[in-house]
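*Asks:* Handing over protein-v9.pdb, PDB, C-alpha atoms and all ligand atoms.
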```
ATOM      1  CA  MET F 256      -8.713  22.684 -14.367
ATOM      2  CA  GLN F 257     -10.358  19.678 -15.992
ATOM      3  CA  ARG F 258     -14.108  20.005 -16.437
ATOM      4  CA  ILE F 259     -15.619  16.508 -16.246
ATOM      5  CA  SER F 260     -19.118  16.101 -17.663
ATOM      6  CA  SER F 261     -19.407  12.361 -18.293
ATOM      7  CA  LEU F 262     -18.535   9.099 -16.536
ATOM      8  CA  ALA F 263     -16.118   8.258 -19.384
ATOM      9  CA  GLU F 264     -14.251  11.550 -18.825
ATOM     10  CA  LEU F 265     -14.176  10.822 -15.092
ATOM     11  CA  ASP F 266     -12.636   7.376 -15.671
ATOM     12  CA  LEU F 267     -10.089   8.855 -18.059
ATOM     13  CA  TRP F 268      -9.050  11.582 -15.606
ATOM     14  CA  ARG F 269      -9.008   9.102 -12.701
ATOM     15  CA  GLY F 270      -6.833   6.719 -14.762
ATOM     16  CA  ARG F 271      -4.219   9.429 -15.359
ATOM     17  CA  LEU F 272      -3.559   9.932 -11.635
ATOM     18  CA  HIS F 273      -1.019   7.091 -11.464
ATOM     19  CA  GLY F 274      -1.235   6.522  -7.723
ATOM     20  CA  GLU F 275      -1.371  10.189  -6.694
ATOM     21  CA  THR F 276      -3.552  10.938  -3.664
ATOM     22  CA  LEU F 277      -7.046  12.080  -4.604
ATOM     23  CA  GLY F 278      -9.037  14.460  -2.400
ATOM     24  CA  PHE F 279     -12.755  14.917  -3.029
ATOM     25  CA  VAL F 280     -14.977  17.840  -2.011
ATOM     26  CA  PRO F 281     -18.697  17.302  -2.730
ATOM     27  CA  THR F 282     -20.771  20.480  -3.107
ATOM     28  CA  MET F 283     -24.090  21.674  -4.459
ATOM     29  CA  GLY F 284     -22.515  24.765  -6.041
ATOM     30  CA  ALA F 285     -23.206  28.465  -5.361
ATOM     31  CA  LEU F 286     -19.723  28.309  -3.906
ATOM     32  CA  HIS F 287     -18.472  30.606  -1.158
ATOM     33  CA  GLU F 288     -15.420  30.886   1.110
ATOM     34  CA  GLY F 289     -16.672  27.945   3.200
ATOM     35  CA  HIS F 290     -16.532  25.582   0.221
ATOM     36  CA  LEU F 291     -13.209  27.051  -0.926
ATOM     37  CA  SER F 292     -11.695  26.448   2.523
ATOM     38  CA  LEU F 293     -12.444  22.722   2.068
ATOM     39  CA  VAL F 294     -10.805  22.752  -1.377
ATOM     40  CA  GLN F 295      -7.785  24.504   0.158
ATOM     41  CA  LEU F 296      -7.569  21.833   2.895
ATOM     42  CA  SER F 297      -7.344  19.185   0.180
ATOM     43  CA  LEU F 298      -4.748  21.127  -1.844
ATOM     44  CA  ASP F 299      -2.722  21.753   1.344
ATOM     45  CA  ARG F 300      -2.502  17.990   1.813
ATOM     46  CA  GLY F 301      -0.736  17.869  -1.555
ATOM     47  CA  ALA F 302      -3.610  15.918  -3.118
ATOM     48  CA  LYS F 303      -5.067  16.121  -6.601
ATOM     49  CA  THR F 304      -8.400  17.706  -5.819
ATOM     50  CA  LEU F 305     -11.750  17.043  -7.420
ATOM     51  CA  VAL F 306     -14.841  19.084  -6.550
ATOM     52  CA  SER F 307     -18.299  17.899  -7.534
ATOM     53  CA  ILE F 308     -21.104  20.357  -8.175
ATOM     54  CA  TYR F 309     -24.486  18.655  -8.135
ATOM     55  CA  VAL F 310     -27.761  19.743  -6.567
ATOM     56  CA  ASN F 311     -28.965  16.349  -5.378
ATOM     57  CA  PRO F 312     -32.791  16.129  -5.596
ATOM     58  CA  THR F 313     -33.118  13.074  -3.320
ATOM     59  CA  GLN F 314     -31.869  15.009  -0.276
ATOM     60  CA  PHE F 315     -34.452  17.803  -0.590
ATOM     61  CA  ASN F 316     -37.588  17.181   1.432
ATOM     62  CA  ASN F 317     -38.953  20.600   0.420
ATOM     63  CA  PRO F 318     -39.599  21.024  -3.357
ATOM     64  CA  GLU F 319     -39.535  24.822  -3.062
ATOM     65  CA  ASP F 320     -36.067  24.707  -1.471
ATOM     66  CA  LEU F 321     -34.863  22.576  -4.406
ATOM     67  CA  ALA F 322     -36.490  24.833  -7.039
ATOM     68  CA  LYS F 323     -34.979  27.962  -5.461
ATOM     69  CA  TYR F 324     -31.508  26.518  -4.835
ATOM     70  CA  PRO F 325     -29.033  29.117  -6.188
ATOM     71  CA  ASN F 326     -26.981  28.345  -9.300
ATOM     72  CA  THR F 327     -23.834  30.388 -10.000
ATOM     73  CA  LEU F 328     -21.944  27.835 -12.107
ATOM     74  CA  GLU F 329     -19.747  30.136 -14.199
ATOM     75  CA  LYS F 330     -18.576  32.041 -11.114
ATOM     76  CA  ASP F 331     -18.036  28.729  -9.244
ATOM     77  CA  LEU F 332     -15.785  27.446 -12.038
ATOM     78  CA  GLU F 333     -13.781  30.686 -12.082
ATOM     79  CA  MET F 334     -13.213  30.519  -8.309
ATOM     80  CA  LEU F 335     -12.109  26.880  -8.415
ATOM     81  CA  GLU F 336      -9.803  27.497 -11.371
ATOM     82  CA  ALA F 337      -8.263  30.536  -9.625
ATOM     83  CA  MET F 338      -7.356  28.534  -6.528
ATOM     84  CA  GLY F 339      -5.713  25.713  -8.463
ATOM     85  CA  CYS F 340      -8.367  23.009  -8.124
ATOM     86  CA  ASP F 341      -7.505  20.100 -10.432
ATOM     87  CA  ALA F 342     -10.913  18.950 -11.616
ATOM     88  CA  VAL F 343     -14.601  19.680 -11.309
ATOM     89  CA  PHE F 344     -17.193  16.946 -11.829
ATOM     90  CA  LEU F 345     -20.571  18.135 -13.142
ATOM     91  CA  PRO F 346     -22.749  15.018 -13.258
ATOM     92  CA  THR F 347     -26.348  14.804 -14.471
ATOM     93  CA  ALA F 348     -29.145  12.948 -12.658
ATOM     94  CA  GLU F 349     -28.995  10.255 -15.365
ATOM     95  CA  MET F 350     -25.332   9.554 -14.570
ATOM     96  CA  LEU F 351     -25.895   9.207 -10.830
ATOM     97  CA  TYR F 352     -29.389   7.728 -10.831
ATOM     98  CA  PRO F 353     -29.708   5.587 -13.997
ATOM     99  CA  GLU F 354     -32.598   3.745 -12.342
ATOM    100  CA  GLY F 355     -34.490   6.862 -11.287
ATOM    101  CA  LEU F 356     -34.259   9.349  -8.412
ATOM    102  CA  LYS F 357     -34.410   6.977  -5.447
ATOM    103  CA  SER F 358     -32.533   6.828  -2.161
ATOM    104  CA  ARG F 359     -31.261   3.534  -0.817
ATOM    105  CA  ALA F 360     -31.686   2.331   2.768
ATOM    106  CA  PHE F 361     -29.021   2.979   5.412
ATOM    107  CA  SER F 362     -28.472   2.297   9.052
ATOM    108  CA  PHE F 363     -27.480   5.553  10.739
ATOM    109  CA  GLY F 364     -27.694   4.129  14.272
ATOM    110  CA  CYS F 365     -29.202   6.845  16.450
ATOM    111  CA  LEU F 366     -27.468   9.689  14.582
ATOM    112  CA  ASP F 367     -30.492  10.737  12.513
ATOM    113  CA  LEU F 368     -33.120  10.637  15.275
ATOM    114  CA  ASN F 369     -32.935  14.338  16.139
ATOM    115  CA  MET F 370     -32.474  17.755  14.566
ATOM    116  CA  GLU F 371     -32.139  17.574  10.751
ATOM    117  CA  GLY F 372     -33.054  13.881  10.775
ATOM    118  CA  ALA F 373     -36.324  14.617  12.560
ATOM    119  CA  GLY F 374     -37.096  17.874  10.723
ATOM    120  CA  ARG F 375     -36.198  16.809   7.161
ATOM    121  CA  PRO F 376     -37.541  13.291   6.496
ATOM    122  CA  GLY F 377     -35.475  11.445   3.862
ATOM    123  CA  HIS F 378     -32.773  14.127   3.798
ATOM    124  CA  PHE F 379     -29.932  12.006   5.161
ATOM    125  CA  GLU F 380     -30.876   8.934   3.085
ATOM    126  CA  GLY F 381     -30.703  11.132  -0.039
ATOM    127  CA  MET F 382     -27.417  12.703   1.039
ATOM    128  CA  ALA F 383     -25.811   9.350   1.924
ATOM    129  CA  THR F 384     -27.095   7.821  -1.326
ATOM    130  CA  VAL F 385     -25.403  10.436  -3.471
ATOM    131  CA  VAL F 386     -22.232  10.508  -1.345
ATOM    132  CA  THR F 387     -21.764   6.722  -1.612
ATOM    133  CA  LYS F 388     -22.461   6.880  -5.373
ATOM    134  CA  PHE F 389     -19.719   9.519  -5.619
ATOM    135  CA  PHE F 390     -17.324   7.374  -3.562
ATOM    136  CA  GLU F 391     -17.964   4.441  -5.896
ATOM    137  CA  LEU F 392     -17.394   6.462  -9.069
ATOM    138  CA  ILE F 393     -14.546   8.710  -7.890
ATOM    139  CA  GLN F 394     -12.746   6.395  -5.440
ATOM    140  CA  PRO F 395     -11.098   9.237  -3.515
ATOM    141  CA  ASP F 396      -8.459   8.643  -0.846
ATOM    142  CA  PHE F 397     -10.143  11.209   1.354
ATOM    143  CA  ALA F 398     -13.255  13.364   1.240
ATOM    144  CA  ILE F 399     -13.776  16.649   3.056
ATOM    145  CA  PHE F 400     -17.029  17.623   4.764
ATOM    146  CA  GLY F 401     -17.718  20.896   6.585
ATOM    147  CA  GLU F 402     -18.576  21.057  10.283
ATOM    148  CA  LYS F 403     -21.260  23.534   9.189
ATOM    149  CA  ASP F 404     -23.378  20.408   8.556
ATOM    150  CA  TYR F 405     -22.206  18.637  11.688
ATOM    151  CA  GLN F 406     -24.883  15.929  11.752
ATOM    152  CA  GLN F 407     -24.141  15.173   8.082
ATOM    153  CA  LEU F 408     -20.433  14.838   8.900
ATOM    154  CA  CYS F 409     -21.203  12.372  11.735
ATOM    155  CA  ILE F 410     -23.537  10.358   9.492
ATOM    156  CA  VAL F 411     -21.015  10.171   6.639
ATOM    157  CA  ARG F 412     -18.340   8.987   9.087
ATOM    158  CA  HIS F 413     -20.745   6.357  10.413
ATOM    159  CA  VAL F 414     -21.699   5.070   6.930
ATOM    160  CA  VAL F 415     -18.041   4.897   5.877
ATOM    161  CA  ALA F 416     -17.184   2.850   8.980
ATOM    162  CA  GLU F 417     -20.295   0.603   8.739
ATOM    163  CA  GLU F 418     -19.863  -0.131   5.038
ATOM    164  CA  ASN F 419     -16.054  -0.219   5.027
ATOM    165  CA  TRP F 420     -15.564   2.490   2.409
ATOM    166  CA  PRO F 421     -11.794   2.975   1.963
ATOM    167  CA  VAL F 422     -12.133   6.761   2.254
ATOM    168  CA  GLU F 423     -10.780   8.982   5.026
ATOM    169  CA  ILE F 424     -13.356  11.554   6.140
ATOM    170  CA  VAL F 425     -11.727  14.903   6.899
ATOM    171  CA  PRO F 426     -13.684  17.634   8.753
ATOM    172  CA  GLY F 427     -13.377  21.322   7.786
ATOM    173  CA  PRO F 428     -14.082  24.124  10.287
ATOM    174  CA  ILE F 429     -17.046  26.488   9.783
ATOM    175  CA  VAL F 430     -16.232  29.634   7.805
ATOM    176  CA  ARG F 431     -18.273  32.678   8.812
ATOM    177  CA  GLU F 432     -19.158  36.102   7.438
ATOM    178  CA  PRO F 433     -17.375  38.968   9.287
ATOM    179  CA  HIS F 434     -20.483  39.485  11.477
ATOM    180  CA  GLY F 435     -20.564  35.774  12.407
ATOM    181  CA  LEU F 436     -23.256  34.276  10.176
ATOM    182  CA  ALA F 437     -22.089  30.852   8.960
ATOM    183  CA  MET F 438     -21.553  31.047   5.207
ATOM    184  CA  SER F 439     -24.166  29.137   3.234
ATOM    185  CA  SER F 440     -25.304  29.090  -0.386
ATOM    186  CA  ARG F 441     -28.797  29.805   0.914
ATOM    187  CA  ASN F 442     -27.590  33.143   2.370
ATOM    188  CA  LEU F 443     -27.822  34.459  -1.228
ATOM    189  CA  ARG F 444     -31.606  34.327  -0.796
ATOM    190  CA  LEU F 445     -31.599  36.623   2.283
ATOM    191  CA  SER F 446     -32.509  40.301   1.937
ATOM    192  CA  GLU F 447     -30.029  42.807   3.381
ATOM    193  CA  VAL F 448     -32.188  43.239   6.507
ATOM    194  CA  GLU F 449     -32.573  39.471   6.942
ATOM    195  CA  ARG F 450     -28.823  39.025   6.554
ATOM    196  CA  GLN F 451     -28.176  41.551   9.345
ATOM    197  CA  GLU F 452     -30.783  39.917  11.572
ATOM    198  CA  ALA F 453     -29.483  36.411  10.824
ATOM    199  CA  ALA F 454     -26.175  37.476  12.391
ATOM    200  CA  THR F 455     -28.018  37.393  15.739
ATOM    201  CA  ILE F 456     -28.022  33.589  15.561
ATOM    202  CA  TYR F 457     -24.246  33.422  15.991
ATOM    203  CA  ALA F 458     -24.226  36.345  18.434
ATOM    204  CA  VAL F 459     -26.744  34.637  20.753
ATOM    205  CA  LEU F 460     -25.371  31.104  20.493
ATOM    206  CA  SER F 461     -21.709  32.073  20.899
ATOM    207  CA  LYS F 462     -22.535  34.167  23.998
ATOM    208  CA  VAL F 463     -24.500  31.268  25.492
ATOM    209  CA  CYS F 464     -21.603  28.881  24.812
ATOM    210  CA  ALA F 465     -19.140  31.288  26.435
ATOM    211  CA  GLU F 466     -21.365  31.687  29.507
ATOM    212  CA  ALA F 467     -22.817  28.187  29.761
ATOM    213  CA  GLU F 468     -22.131  27.927  33.502
ATOM    214  CA  ARG F 469     -24.615  30.702  34.265
ATOM    215  CA  PHE F 470     -27.547  28.484  33.223
ATOM    216  CA  GLU F 471     -29.204  26.146  35.724
ATOM    217  CA  GLY F 472     -29.669  23.404  33.164
ATOM    218  CA  VAL F 473     -30.225  22.464  29.517
ATOM    219  CA  GLU F 474     -33.854  23.599  29.401
ATOM    220  CA  GLU F 475     -33.062  27.063  30.752
ATOM    221  CA  LEU F 476     -30.207  27.440  28.270
ATOM    222  CA  LYS F 477     -32.366  26.351  25.343
ATOM    223  CA  SER F 478     -35.307  28.586  26.364
ATOM    224  CA  HIS F 479     -32.968  31.561  26.613
ATOM    225  CA  CYS F 480     -31.799  30.943  23.003
ATOM    226  CA  VAL F 481     -35.347  30.476  21.710
ATOM    227  CA  GLU F 482     -36.601  33.669  23.367
ATOM    228  CA  ALA F 483     -33.637  35.784  22.262
ATOM    229  CA  LEU F 484     -33.864  34.585  18.660
ATOM    230  CA  ASN F 485     -37.651  34.694  18.318
ATOM    231  CA  ALA F 486     -37.496  38.323  19.508
ATOM    232  CA  VAL F 487     -35.751  39.226  16.214
ATOM    233  CA  PRO F 488     -38.444  40.094  13.616
ATOM    234  CA  SER F 489     -37.295  37.876  10.724
ATOM    235  CA  LEU F 490     -36.276  34.849  12.852
ATOM    236  CA  THR F 491     -38.357  31.850  13.944
ATOM    237  CA  VAL F 492     -36.611  29.043  15.794
ATOM    238  CA  GLU F 493     -37.317  25.517  14.544
ATOM    239  CA  TYR F 494     -35.121  23.828  17.142
ATOM    240  CA  ILE F 495     -32.353  24.485  19.624
ATOM    241  CA  GLU F 496     -30.625  21.332  20.830
ATOM    242  CA  CYS F 497     -27.675  20.483  23.086
ATOM    243  CA  CYS F 498     -26.240  17.141  21.982
ATOM    244  CA  ASP F 499     -23.135  15.163  22.741
ATOM    245  CA  GLU F 500     -20.636  15.374  19.880
ATOM    246  CA  LYS F 501     -20.343  11.644  19.309
ATOM    247  CA  GLU F 502     -23.811  10.101  19.324
ATOM    248  CA  LEU F 503     -25.715  13.378  18.802
ATOM    249  CA  GLN F 504     -28.111  12.560  21.617
ATOM    250  CA  PRO F 505     -29.806  15.406  23.535
ATOM    251  CA  MET F 506     -28.075  16.054  26.845
ATOM    252  CA  GLY F 507     -30.253  15.735  29.957
ATOM    253  CA  GLU F 508     -27.974  18.083  31.875
ATOM    254  CA  LEU F 509     -25.086  20.451  31.260
ATOM    255  CA  ASP F 510     -21.929  18.412  31.763
ATOM    256  CA  PRO F 511     -18.639  20.199  31.031
ATOM    257  CA  LYS F 512     -16.878  16.801  30.978
ATOM    258  CA  THR F 513     -18.873  15.605  27.944
ATOM    259  CA  PRO F 514     -17.928  17.169  24.571
ATOM    260  CA  THR F 515     -21.221  18.867  23.675
ATOM    261  CA  ARG F 516     -22.482  21.060  20.821
ATOM    262  CA  LEU F 517     -25.259  23.572  20.628
ATOM    263  CA  PHE F 518     -27.308  23.129  17.434
ATOM    264  CA  ALA F 519     -29.943  25.367  15.883
ATOM    265  CA  ALA F 520     -32.269  25.504  12.900
ATOM    266  CA  VAL F 521     -33.819  28.910  12.405
ATOM    267  CA  GLN F 522     -36.156  30.143   9.707
ATOM    268  CA  CYS F 523     -35.079  33.600   8.497
ATOM    269  CA  GLY F 524     -37.736  34.966   6.164
ATOM    270  CA  ASN F 525     -38.103  32.177   3.598
ATOM    271  CA  VAL F 526     -34.676  30.704   4.247
ATOM    272  CA  ARG F 527     -33.909  27.903   6.693
ATOM    273  CA  LEU F 528     -30.510  28.344   8.349
ATOM    274  CA  ILE F 529     -28.614  25.815  10.465
ATOM    275  CA  GLU F 530     -25.843  26.497  12.944
ATOM    276  CA  ASN F 531     -23.739  24.653  15.501
ATOM    277  CA  LEU F 532     -21.069  25.632  18.004
ATOM    278  CA  PRO F 533     -19.026  23.747  20.597
ATOM    279  CA  LEU F 534     -20.547  24.204  24.073
ATOM    280  CA  PHE F 535     -18.093  22.074  26.111
TER     281      PHE F 535
HETATM  282  P1  LIG D   1     -23.282  22.306   0.252
HETATM  283  O1  LIG D   1     -22.851  22.862  -1.077
HETATM  284  O2  LIG D   1     -24.082  23.254   1.080
HETATM  285  O3  LIG D   1     -23.868  20.924   0.130
HETATM  286  O4  LIG D   1     -21.939  22.115   1.067
HETATM  287  C1  LIG D   1     -20.872  21.373   0.569
HETATM  288  C2  LIG D   1     -19.861  21.184   1.667
HETATM  289  O5  LIG D   1     -19.396  22.454   2.108
HETATM  290  C3  LIG D   1     -20.443  20.466   2.890
HETATM  291  O6  LIG D   1     -19.468  19.560   3.409
HETATM  292  C4  LIG D   1     -20.700  21.611   3.841
HETATM  293  O7  LIG D   1     -20.668  21.225   5.201
HETATM  294  C5  LIG D   1     -19.538  22.526   3.516
HETATM  295  N1  LIG D   1     -19.818  23.906   3.926
HETATM  296  C6  LIG D   1     -20.918  24.640   3.612
HETATM  297  N2  LIG D   1     -20.856  25.836   4.220
HETATM  298  C7  LIG D   1     -19.706  25.860   4.929
HETATM  299  C8  LIG D   1     -19.080  26.820   5.793
HETATM  300  N3  LIG D   1     -19.625  28.000   6.039
HETATM  301  N4  LIG D   1     -17.896  26.495   6.355
HETATM  302  C9  LIG D   1     -17.322  25.284   6.124
HETATM  303  N5  LIG D   1     -17.855  24.330   5.328
HETATM  304  C10 LIG D   1     -19.033  24.613   4.742
END
```
Now that the file is in, can you turn its structure into structure tokens?
*Replies:*
Amino acid sequence: MQRISSLAELDLWRGRLHGETLGFVPTMGALHEGHLSLVQLSLDRGAKTLVSIYVNPTQFNNPEDLAKYPNTLEKDLEMLEAMGCDAVFLPTAEMLYPEGLKSRAFSFGCLDLNMEGAGRPGHFEGMATVVTKFFELIQPDFAIFGEKDYQQLCIVRHVVAEENWPVEIVPGPIVREPHGLAMSSRNLRLSEVERQEAATIYAVLSKVCAEAERFEGVEELKSHCVEALNAVPSLTVEYIECCDEKELQPMGELDPKTPTRLFAAVQCGNVRLIENLPLF
């Protein structure tokens, strides 16, 4: 596996591809099975696969979250090497932000009005800034984004369409721990008790999705989730939202004919966890 630590090395590696398809998987490191599943999707498409590992400061609205973001670089590199990843790009802030750590402006339509867009000001601008910088430098044929960050996936798709980036955006399904908790680098910061209790998030939401017809309406469904989750000692709900899958607008009523997802952000101890599941 090629370890790429400069823009010159990136250009050199890129130049040696000779027309082969290039798949790109952006990550912030502390890799787990969820990330590796995205790498595998790219390899399964027969593409040369490049993974970036970069903790992007402009997408963190909370300085403590950035300072505490886990770093397991040596283990990450071993895992990528073992699965046959072709290259890993380890940029510095200077390479990506030569003019300083600033986000650029974007039009996200109405996709960033709710959920993470409302709760984490500047997060999506920072994310889209670094993703478009990566697209410019790497020029992948396709890039893979996990459904774990569903709103991010929708926003990246939107930006790519709006700005005519010649990159196919490929979604990857959510990979979960055996007890249902969606894998996340931030799970490393949970205590054993918090980890057990965090599993309730999936347990509650998946049951609600399976039994959606027993609720009178959206508000009753959401209140049920909030009450069930807030009853768990280490959990505090930030939001529960039912949104249509396309525009990510809150649903006024439960409509089985409209593809809908149930979204949640829940604080577990000091760790903020996000989750989403298909409702209809
Ligand atoms: P991150 O390192 O958290 O920025 O995530 C990098 C990519 O991996 C993003 O596209 C995430 O959506 C994706 N990802 C993170 N966790 C999971 C998971 N449990 N299952 C599938 N994809 C994931």
*Asks:* If you count only C-alpha atoms, which residues fall within 10 Å of Val448 (chain F), apart from same-chain ones fewer than 2 positions away, as an mmCIF file with C-alpha atoms, in the coordinates of the input?
*Replies:*
```cif
data_model
loop_
_atom_site.group_PDB
_atom_site.id
_atom_site.type_symbol
_atom_site.label_atom_id
_atom_site.label_comp_id
_atom_site.auth_asym_id
_atom_site.auth_seq_id
_atom_site.Cartn_x
_atom_site.Cartn_y
_atom_site.Cartn_z
ATOM 1 C CA LEU F 445 -31.599 36.623 2.283
ATOM 2 C CA SER F 446 -32.509 40.301 1.937
ATOM 3 C CA ARG F 450 -28.823 39.025 6.554
ATOM 4 C CA GLN F 451 -28.176 41.551 9.345
ATOM 5 C CA GLU F 452 -30.783 39.917 11.572
ATOM 6 C CA ALA F 453 -29.483 36.411 10.824
ATOM 7 C CA PRO F 488 -38.444 40.094 13.616
ATOM 8 C CA SER F 489 -37.295 37.876 10.724
ATOM 9 C CA GLY F 524 -37.736 34.966 6.164
#
```
*Asks:* Residues of chain F within 6 Å of ligand LIG 1 (chain D): nearest atom pair and distance (Å, one decimal) for each, counting only C-alpha atoms and all ligand atoms, sorted by chain and number, as a tab-separated table?
*Replies:*
```
residue	atom	partner	partner_atom	distance
F:Pro281	CA	D:LIG1	C1	5.7
F:Thr282	CA	D:LIG1	O1	3.8
F:Met283	CA	D:LIG1	O1	3.8
F:Gly284	CA	D:LIG1	O1	5.3
F:Gly289	CA	D:LIG1	N4	3.7
F:His290	CA	D:LIG1	O5	4.6
F:Phe400	CA	D:LIG1	O6	3.4
F:Gly401	CA	D:LIG1	O7	3.3
F:Glu402	CA	D:LIG1	O7	5.5
F:Lys403	CA	D:LIG1	O7	4.6
F:Asp404	CA	D:LIG1	O7	4.4
F:Gly427	CA	D:LIG1	C9	5.8
F:Pro428	CA	D:LIG1	C9	5.4
F:Ile429	CA	D:LIG1	N4	3.5
F:Val430	CA	D:LIG1	N4	3.8
F:Arg431	CA	D:LIG1	N3	5.6
F:Ala437	CA	D:LIG1	N3	4.8
F:Met438	CA	D:LIG1	N3	3.7
F:Ser439	CA	D:LIG1	N2	4.8
```
*Asks:* Output the selection as a short mmCIF file (atom, residue, chain, number, x, y, z; two decimals), in the frame of the given file - C-alpha atoms for each residue.
*Replies:*
```
data_model
loop_
_atom_site.label_atom_id
_atom_site.label_comp_id
_atom_site.auth_asym_id
_atom_site.auth_seq_id
_atom_site.Cartn_x
_atom_site.Cartn_y
_atom_site.Cartn_z
CA PRO F 281 -18.70 17.30 -2.73
CA THR F 282 -20.77 20.48 -3.11
CA MET F 283 -24.09 21.67 -4.46
CA GLY F 284 -22.52 24.76 -6.04
CA GLY F 289 -16.67 27.94 3.20
CA HIS F 290 -16.53 25.58 0.22
CA PHE F 400 -17.03 17.62 4.76
CA GLY F 401 -17.72 20.90 6.58
CA GLU F 402 -18.58 21.06 10.28
CA LYS F 403 -21.26 23.53 9.19
CA ASP F 404 -23.38 20.41 8.56
CA GLY F 427 -13.38 21.32 7.79
CA PRO F 428 -14.08 24.12 10.29
CA ILE F 429 -17.05 26.49 9.78
CA VAL F 430 -16.23 29.63 7.80
CA ARG F 431 -18.27 32.68 8.81
CA ALA F 437 -22.09 30.85 8.96
CA MET F 438 -21.55 31.05 5.21
CA SER F 439 -24.17 29.14 3.23
#
```
*Asks:* Of the residues F:Thr276, F:Tyr457, F:Met370, F:Ile308, which is the one nearest to Glu329 (chain F), using all atoms listed in the file?
*Replies:*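 Of F:Thr276, F:Tyr457, F:Met370, F:Ile308, the one nearest Glu329 (chain F), counting all atoms listed in the file, is F:Ile308.
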*Asks:* Quick one: which residues end up in the PyMOL selection byres (((chain F and resi 510) around 12) and not hetatm) for this structure, as a PyMOL selection string?
*Replies:* chain F and resi 467-468+470-473+497-499+505-509+511-516+534-535
*Asks:* Name the residues that the PyMOL selection byres (((chain F and resi 406) around 12) and not hetatm) picks from the file above, as an mmCIF file with C-alpha atoms, in the frame of the given file, using the file's chain letters and numbers.
*Replies:*
```cif
data_model
loop_
_atom_site.group_PDB
_atom_site.id
_atom_site.type_symbol
_atom_site.label_atom_id
_atom_site.label_comp_id
_atom_site.auth_asym_id
_atom_site.auth_seq_id
_atom_site.Cartn_x
_atom_site.Cartn_y
_atom_site.Cartn_z
ATOM 1 C CA PHE F 363 -27.480 5.553 10.739
ATOM 2 C CA CYS F 365 -29.202 6.845 16.450
ATOM 3 C CA LEU F 366 -27.468 9.689 14.582
ATOM 4 C CA ASP F 367 -30.492 10.737 12.513
ATOM 5 C CA LEU F 368 -33.120 10.637 15.275
ATOM 6 C CA ASN F 369 -32.935 14.338 16.139
ATOM 7 C CA MET F 370 -32.474 17.755 14.566
ATOM 8 C CA GLU F 371 -32.139 17.574 10.751
ATOM 9 C CA GLY F 372 -33.054 13.881 10.775
ATOM 10 C CA ALA F 373 -36.324 14.617 12.560
ATOM 11 C CA HIS F 378 -32.773 14.127 3.798
ATOM 12 C CA PHE F 379 -29.932 12.006 5.161
ATOM 13 C CA MET F 382 -27.417 12.703 1.039
ATOM 14 C CA ALA F 383 -25.811 9.350 1.924
ATOM 15 C CA PHE F 400 -17.029 17.623 4.764
ATOM 16 C CA GLY F 401 -17.718 20.896 6.585
ATOM 17 C CA GLU F 402 -18.576 21.057 10.283
ATOM 18 C CA LYS F 403 -21.260 23.534 9.189
ATOM 19 C CA ASP F 404 -23.378 20.408 8.556
ATOM 20 C CA TYR F 405 -22.206 18.637 11.688
ATOM 21 C CA GLN F 407 -24.141 15.173 8.082
ATOM 22 C CA LEU F 408 -20.433 14.838 8.900
ATOM 23 C CA CYS F 409 -21.203 12.372 11.735
ATOM 24 C CA ILE F 410 -23.537 10.358 9.492
ATOM 25 C CA VAL F 411 -21.015 10.171 6.639
ATOM 26 C CA ARG F 412 -18.340 8.987 9.087
ATOM 27 C CA HIS F 413 -20.745 6.357 10.413
ATOM 28 C CA PRO F 426 -13.684 17.634 8.753
ATOM 29 C CA CYS F 498 -26.240 17.141 21.982
ATOM 30 C CA ASP F 499 -23.135 15.163 22.741
ATOM 31 C CA GLU F 500 -20.636 15.374 19.880
ATOM 32 C CA LYS F 501 -20.343 11.644 19.309
ATOM 33 C CA GLU F 502 -23.811 10.101 19.324
ATOM 34 C CA LEU F 503 -25.715 13.378 18.802
ATOM 35 C CA GLN F 504 -28.111 12.560 21.617
ATOM 36 C CA ARG F 516 -22.482 21.060 20.821
ATOM 37 C CA LEU F 517 -25.259 23.572 20.628
ATOM 38 C CA PHE F 518 -27.308 23.129 17.434
ATOM 39 C CA ALA F 519 -29.943 25.367 15.883
ATOM 40 C CA ILE F 529 -28.614 25.815 10.465
ATOM 41 C CA GLU F 530 -25.843 26.497 12.944
ATOM 42 C CA ASN F 531 -23.739 24.653 15.501
#
```
*Asks:* What's around region 342-358 of chain F at 7 Å? Count only C-alpha atoms, leave out sequence neighbours fewer than 2 positions away in its own chain, and write the answer as a PyMOL selection string.
*Replies:* chain F and resi 256-261+304-309+313+340+360+380-381+384+388
*Asks:* Please measure the separation of CA of Leu272 (chain F) and CA of Leu335 (chain F), giving the value in Å to one decimal.
*Replies:*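 CA of Leu335 (chain F) lies 19.3 Å from CA of Leu272 (chain F).
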*Asks:* Enter the distance from CA of Phe279 (chain F) to CA of Ser440 (chain F), in Å, rounded to one decimal.
*Replies:*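 Here the two named atoms are 19.1 Å from each other.
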*Asks:* Please write as number ranges by chain the full residue list that the PyMOL selection byres (((chain F and resi 479-481) around 8) and not hetatm) yields on this file.
*Replies:* F: 459-460, 463, 475-478, 482-485, 492, 495
*Asks:* Taking only C-alpha atoms into account, name the residue in F:Leu328, F:Ile456, F:Val310, F:Leu293 that is nearest to Ile424 (chain F).
*Replies:*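 Going through F:Leu328, F:Ile456, F:Val310, F:Leu293 one by one, the smallest distance to Ile424 (chain F) is for F:Leu293.
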*Asks:* What does the distance from CA of Gly435 (chain F) to CA of Ser461 (chain F) come to in Å, to one decimal?
*Replies:*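 Atom-to-atom, CA of Gly435 (chain F) to CA of Ser461 (chain F), that is 9.3 Å.
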*Asks:* Which of these, F:Gly374, F:Gly278, F:Pro325, F:Pro421, has the shortest distance to Arg300 (chain F) once you count all atoms listed in the file?
*Replies:*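 Nearest to Arg300 (chain F): F:Gly278.
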